>>> print(open('input_26.csv').read())   # CSV, C-alpha atoms
chain,number,residue,atom,x,y,z
A,1,ALA,CA,9.2,3.9,-15.6
A,2,ILE,CA,7.2,3.9,-12.4
A,3,LEU,CA,4.8,6.5,-13.6
A,4,LYS,CA,4.3,4.7,-16.9
A,5,ARG,CA,3.7,1.3,-15.2
A,6,SER,CA,1.2,3.0,-12.8
A,7,LEU,CA,-0.8,4.4,-15.7
A,8,GLU,CA,-0.7,1.2,-17.7
A,9,GLY,CA,-1.6,-0.9,-14.7
A,10,ASN,CA,-4.6,1.2,-13.6
A,11,PRO,CA,-7.3,1.8,-16.3
A,12,ASN,CA,-9.0,4.4,-14.1
A,13,LEU,CA,-6.0,6.8,-14.4
A,14,ILE,CA,-6.0,9.5,-17.1
A,15,PHE,CA,-2.4,10.7,-16.6
A,16,SER,CA,0.5,10.4,-14.1
A,17,TRP,CA,3.1,13.1,-13.5
A,18,ALA,CA,6.0,14.2,-11.3
A,19,VAL,CA,7.7,17.6,-10.9
A,20,TRP,CA,11.0,18.1,-9.1
A,21,GLU,CA,12.3,21.3,-7.6
A,22,PRO,CA,15.3,22.9,-9.5
A,23,ASP,CA,18.3,20.6,-9.3
A,24,ALA,CA,16.6,18.5,-6.7
A,25,PHE,CA,16.6,15.3,-8.8
A,26,ASP,CA,20.3,14.9,-9.5
A,27,GLY,CA,21.7,18.4,-9.5
A,28,ARG,CA,22.3,18.4,-13.3
A,29,ASP,CA,19.3,20.3,-14.6
A,30,ALA,CA,21.5,22.4,-17.0
A,31,ALA,CA,22.6,19.3,-18.8
A,32,PHE,CA,19.0,18.3,-19.6
A,33,ARG,CA,17.4,21.4,-20.9
A,34,ASN,CA,14.6,20.4,-23.4
A,35,LYS,CA,15.5,16.7,-23.1
A,36,PRO,CA,12.8,14.0,-22.8
A,37,TYR,CA,11.0,14.2,-19.5
A,38,HIS,CA,12.5,17.7,-18.8
A,39,ASP,CA,11.4,21.2,-19.4
A,40,ALA,CA,13.3,24.1,-20.9
A,41,THR,CA,15.3,24.7,-17.7
A,42,GLY,CA,16.2,21.1,-17.4
A,43,ARG,CA,13.9,20.3,-14.4
A,44,PHE,CA,12.9,16.7,-14.3
A,45,ALA,CA,9.1,16.8,-14.9
A,46,PRO,CA,7.9,13.5,-16.5
A,47,LEU,CA,4.3,13.1,-17.6
A,48,PHE,CA,2.5,10.1,-19.1
A,49,VAL,CA,-0.9,10.5,-20.6
A,50,ARG,CA,-3.3,7.7,-21.5
A,51,THR,CA,-4.2,7.6,-25.2
A,52,ASP,CA,-5.9,5.0,-27.5
A,53,LYS,CA,-2.3,4.0,-28.5
A,54,GLY,CA,-1.1,3.5,-24.9
A,55,ALA,CA,0.8,5.7,-22.5
A,56,MET,CA,2.2,8.8,-24.3
A,57,ARG,CA,5.4,10.4,-22.9
A,58,SER,CA,5.6,14.1,-22.4
A,59,PHE,CA,6.7,16.5,-19.7
A,60,SER,CA,4.7,18.5,-17.1
A,61,ASN,CA,4.2,22.2,-17.6
A,62,ASN,CA,2.2,25.1,-16.1
A,63,PHE,CA,3.7,24.5,-12.7
A,64,GLU,CA,5.7,27.8,-12.3
A,65,GLN,CA,3.0,29.9,-10.6
A,66,GLU,CA,1.2,28.8,-7.5
A,67,SER,CA,-2.0,30.5,-8.6
A,68,THR,CA,-2.3,28.0,-11.5
A,69,ALA,CA,-0.5,25.1,-10.1
A,70,ASP,CA,-2.0,24.2,-6.7
A,71,PHE,CA,-1.5,20.6,-7.6
A,72,TYR,CA,2.2,21.1,-7.3
A,73,PHE,CA,2.7,23.9,-4.8
A,74,THR,CA,0.2,22.8,-2.2
A,75,PRO,CA,1.8,19.4,-1.5
A,76,LEU,CA,5.2,21.0,-1.8
A,77,ARG,CA,4.4,23.6,0.9
A,78,THR,CA,2.4,21.4,3.3
A,79,LYS,CA,4.4,18.2,2.8
A,80,LYS,CA,1.0,16.5,2.9
A,81,GLU,CA,-1.2,14.8,0.3
A,82,TYR,CA,-3.5,17.1,-1.7
A,83,VAL,CA,-6.6,16.4,-3.8
A,84,THR,CA,-7.4,19.0,-6.4
A,85,GLU,CA,-10.8,20.3,-7.0
A,86,PRO,CA,-12.7,18.6,-9.9
A,87,THR,CA,-12.0,20.2,-13.3
A,88,THR,CA,-13.1,19.4,-16.8
A,89,LEU,CA,-10.4,18.2,-19.2
A,90,ALA,CA,-10.3,16.9,-22.8
A,91,ILE,CA,-7.0,15.1,-23.4
A,92,THR,CA,-7.8,14.9,-27.1
A,93,GLY,CA,-8.7,18.5,-27.4
A,94,LYS,CA,-12.2,17.6,-28.5
A,95,GLN,CA,-15.0,18.8,-26.3
A,96,GLU,CA,-17.0,15.6,-26.7
A,97,ASP,CA,-14.1,13.8,-25.0
A,98,ALA,CA,-14.1,16.1,-22.0
A,99,VAL,CA,-14.3,14.4,-18.5
A,100,ILE,CA,-14.6,15.6,-14.9
A,101,MET,CA,-11.4,14.7,-13.2
A,102,THR,CA,-9.3,15.2,-10.1
A,103,SER,CA,-5.8,14.5,-9.1
A,104,ILE,CA,-4.2,13.0,-6.0
A,105,CYS,CA,-0.9,14.8,-5.4
A,106,ILE,CA,1.8,13.5,-3.0
A,107,PRO,CA,4.9,15.4,-1.9
A,108,ILE,CA,8.4,13.9,-2.5
A,109,VAL,CA,10.2,14.5,0.8
A,110,SER,CA,13.8,13.8,1.8
A,111,GLY,CA,14.4,14.3,5.5
A,112,ASP,CA,12.5,17.5,6.3
A,113,LYS,CA,12.8,19.0,2.8
A,114,ALA,CA,10.2,18.8,0.0
A,115,MET,CA,11.9,17.9,-3.2
A,116,GLY,CA,8.9,17.9,-5.5
A,117,ALA,CA,5.6,16.2,-6.0
A,118,VAL,CA,4.0,13.3,-7.9
A,119,GLY,CA,0.4,12.8,-8.9
A,120,HIS,CA,-2.2,10.7,-10.6
A,121,ALA,CA,-5.4,12.0,-12.3
A,122,PHE,CA,-8.6,10.0,-12.6
A,123,SER,CA,-12.1,10.7,-13.8
A,124,GLY,CA,-15.2,11.0,-11.5
A,125,SER,CA,-16.9,8.3,-13.6
A,126,SER,CA,-14.2,5.8,-12.7
A,127,LEU,CA,-15.4,6.0,-9.0
A,128,ALA,CA,-18.7,4.3,-10.0
A,129,THR,CA,-16.9,0.9,-9.8
A,130,PHE,CA,-17.0,0.9,-6.1
A,131,MET,CA,-19.2,3.9,-5.1
A,132,LYS,CA,-22.3,2.3,-6.6
A,133,ASP,CA,-22.1,-0.5,-4.1
A,134,ILE,CA,-22.0,1.7,-1.0
A,135,LYS,CA,-25.5,1.7,0.4
A,136,PRO,CA,-25.5,2.6,4.2
A,137,TYR,CA,-29.0,1.3,4.4
A,138,GLU,CA,-31.8,0.0,2.1
A,139,GLY,CA,-32.8,2.5,-0.5
A,140,SER,CA,-29.8,4.7,0.1
A,141,TYR,CA,-26.8,5.6,-2.1
A,142,ALA,CA,-23.5,7.3,-1.7
A,143,ILE,CA,-22.1,10.4,-3.4
A,144,LEU,CA,-18.6,12.1,-3.2
A,145,ILE,CA,-18.2,15.8,-2.9
A,146,SER,CA,-15.1,17.9,-3.0
A,147,ASN,CA,-14.1,20.4,-0.4
A,148,SER,CA,-15.6,23.2,-2.3
A,149,GLY,CA,-18.9,21.3,-2.7
A,150,ILE,CA,-18.6,19.9,-6.3
A,151,ARG,CA,-20.1,16.5,-6.9
A,152,LEU,CA,-17.4,14.2,-8.2
A,153,TYR,CA,-19.6,11.1,-8.0
A,154,HIS,CA,-23.3,10.8,-8.1
A,155,PRO,CA,-25.5,7.9,-9.3
A,156,GLN,CA,-27.2,10.4,-11.7
A,157,VAL,CA,-24.3,11.2,-14.0
A,158,GLU,CA,-25.8,14.6,-15.0
A,159,GLN,CA,-25.2,15.7,-11.4
A,160,ILE,CA,-21.4,15.2,-11.6
A,161,GLY,CA,-19.6,18.4,-11.7
A,162,LYS,CA,-22.4,20.5,-10.3
A,163,LEU,CA,-22.4,22.4,-7.0
A,164,MET,CA,-24.0,20.6,-4.0
A,165,GLY,CA,-27.0,22.2,-2.5
A,166,ASP,CA,-28.6,23.4,-5.7
A,167,ASP,CA,-31.7,21.6,-4.8
A,168,VAL,CA,-31.9,23.2,-1.3
A,169,PRO,CA,-31.1,26.9,-2.0
A,170,ASP,CA,-32.2,28.0,1.5
A,171,GLN,CA,-29.7,25.6,3.1
A,172,GLN,CA,-26.9,25.7,0.5
A,173,LYS,CA,-24.7,28.2,2.2
A,174,ALA,CA,-24.7,26.4,5.5
A,175,LEU,CA,-24.2,23.0,3.8
A,176,LEU,CA,-21.2,24.2,1.8
A,177,ALA,CA,-19.7,25.8,4.9
A,178,ALA,CA,-20.0,22.5,6.8
A,179,ILE,CA,-18.4,20.6,3.9
A,180,LYS,CA,-15.5,23.0,3.6
A,181,SER,CA,-14.8,23.0,7.3
A,182,GLY,CA,-15.0,19.2,7.6
A,183,ARG,CA,-18.2,19.2,9.8
A,184,PRO,CA,-21.1,16.7,9.5
A,185,TYR,CA,-24.4,18.1,8.2
A,186,GLY,CA,-27.9,16.7,7.7
A,187,LEU,CA,-31.0,18.0,5.9
A,188,THR,CA,-34.3,17.0,4.4
A,189,ASN,CA,-35.2,17.3,0.8
A,190,ASN,CA,-36.6,15.6,-2.3
A,191,ASN,CA,-34.4,12.8,-3.6
A,192,LEU,CA,-32.9,13.7,-7.0
A,193,ALA,CA,-33.0,10.1,-8.1
A,194,THR,CA,-36.5,9.1,-6.9
A,195,GLY,CA,-38.4,12.3,-6.1
A,196,ALA,CA,-39.2,10.9,-2.6
A,197,VAL,CA,-38.5,12.7,0.6
A,198,SER,CA,-34.9,11.9,1.7
A,199,TYR,CA,-32.6,12.7,4.5
A,200,PRO,CA,-29.1,13.3,3.2
A,201,SER,CA,-26.3,13.0,5.7
A,202,PHE,CA,-22.9,14.5,5.0
A,203,ALA,CA,-19.7,13.4,6.8
A,204,PRO,CA,-16.1,14.5,6.3
A,205,VAL,CA,-13.9,12.1,4.3
A,206,ALA,CA,-10.2,12.4,5.2
A,207,ILE,CA,-7.8,11.6,2.3
A,208,GLY,CA,-4.4,10.6,3.7
A,209,THR,CA,-2.9,13.6,5.6
A,210,ALA,CA,-4.5,16.2,3.4
A,211,GLU,CA,-5.4,19.4,5.2
A,212,HIS,CA,-8.9,19.6,3.5
A,213,THR,CA,-11.5,16.9,3.8
A,214,TRP,CA,-14.1,15.9,1.2
A,215,SER,CA,-17.6,14.7,2.0
>>> encode(input="input_26.csv", output="structure tokens")
Amino acid sequence: AILKRSLEGNPNLIFSWAVWEPDAFDGRDAAFRNKPYHDATGRFAPLFVRTDKGAMRSFSNNFEQESTADFYFTPLRTKKEYVTEPTTLAITGKQEDAVIMTSICIPIVSGDKAMGAVGHAFSGSSLATFMKDIKPYEGSYAILISNSGIRLYHPQVEQIGKLMGDDVPDQQKALLAAIKSGRPYGLTNNNLATGAVSYPSFAPVAIGTAEHTWS
């Protein structure tokens, strides 16, 4: 109910989910195999997806292997918030409906033990509501870049989802290294929006207690 209300109350969210460790929710996984909100083993893994008909109920999947489920295993292992790298997703299955999105994932902790994780996914375009008004000084604008250097928000929408530094190939490697390690970085280039000479400044953005910063 909390996940559903969160999704319904925030139009920027694409889906909300939770995954609990085996028998961590109530110790009765075996009694809930293939039941609503549970997977084939009975693990409690509710998922609510936004559709044109409202919040659709389902269950989370693809969380068994860490190589394909960093959204679950990273907060579980670190007991800290985690923000996934931007990815393209089409909820409807239609390519024309695909959006660039990311998820904020939070561990469920009892005492010193991680019991599971919960998360909310949102699109990069939804950030425009407040990012467009961030102007450190006249003629400037803000962008948001993931830890690996992917643009999640940019005032030019065609730049969203692309790797930062593509316009400064001679400095791209150093720029991406600074972003990944959480260090400030500055450079001079031609503004993608206006064509004028600009002086981009990159600063680490901490998200909760997450180990990796964005920029």
>>> residues_around(input="input_26.csv", residues="segment 130-142 of chain A", least_positions_apart="4", cutoff="9 Å", atoms="all atoms listed in the file", output="list in words")
Ser126, Tyr153, His154, Pro155 and Ser198 of chain A
>>> atom_distance(input="input_26.csv", atom1="atom CA of Ile143 of chain A", atom2="atom CA of Phe202 of chain A")
9.4 Å
>>> closest_atom_pairs(input="input_26.csv", of="segment 97-182 of chain A", to="segment 19-40 of chain A", cutoff="6 Å", atoms="all atoms listed in the file", output="CSV")
residue,atom,partner,partner_atom,distance
A:Met115,CA,A:Glu21,CA,5.6
A:Gly116,CA,A:Trp20,CA,4.2
A:Ala117,CA,A:Val19,CA,5.5
>>> write_last_selection(input="input_26.csv", atoms="C-alpha atoms", output="PDB file, in the frame of the given file")
ATOM      1  CA  MET A 115      11.900  17.900  -3.200  1.00  0.00           C
ATOM      2  CA  GLY A 116       8.900  17.900  -5.500  1.00  0.00           C
ATOM      3  CA  ALA A 117       5.600  16.200  -6.000  1.00  0.00           C
TER       4      ALA A 117
END
>>> residues_near_point(input="input_26.csv", point="(-12.5, 23.0, -0.2)", cutoff="8 Å", atoms="all atoms listed in the file", output="PyMOL selection string")
chain A and resi 85+146-149+179-181+212-214
>>> atom_distance(input="input_26.csv", atom1="atom CA of Thr74 of chain A", atom2="atom CA of Ala203 of chain A")
23.8 Å
>>> atom_distance(input="input_26.csv", atom1="atom CA of Gln65 of chain A", atom2="atom CA of Met101 of chain A")
21.1 Å
>>> closest_residue(input="input_26.csv", among="A:Lys113, A:Arg5, A:His120, A:Arg43", to="Thr78 of chain A", atoms="all atoms listed in the file")
A:Lys113
>>> closest_residue(input="input_26.csv", among="A:Thr84, A:Leu127, A:Arg183, A:Gln172", to="Thr68 of chain A", atoms="only C-alpha atoms")
A:Thr84
>>> closest_residue(input="input_26.csv", among="A:Leu76, A:Leu152, A:Met164, A:Ala114", to="Pro200 of chain A", atoms="all atoms listed in the file")
A:Met164
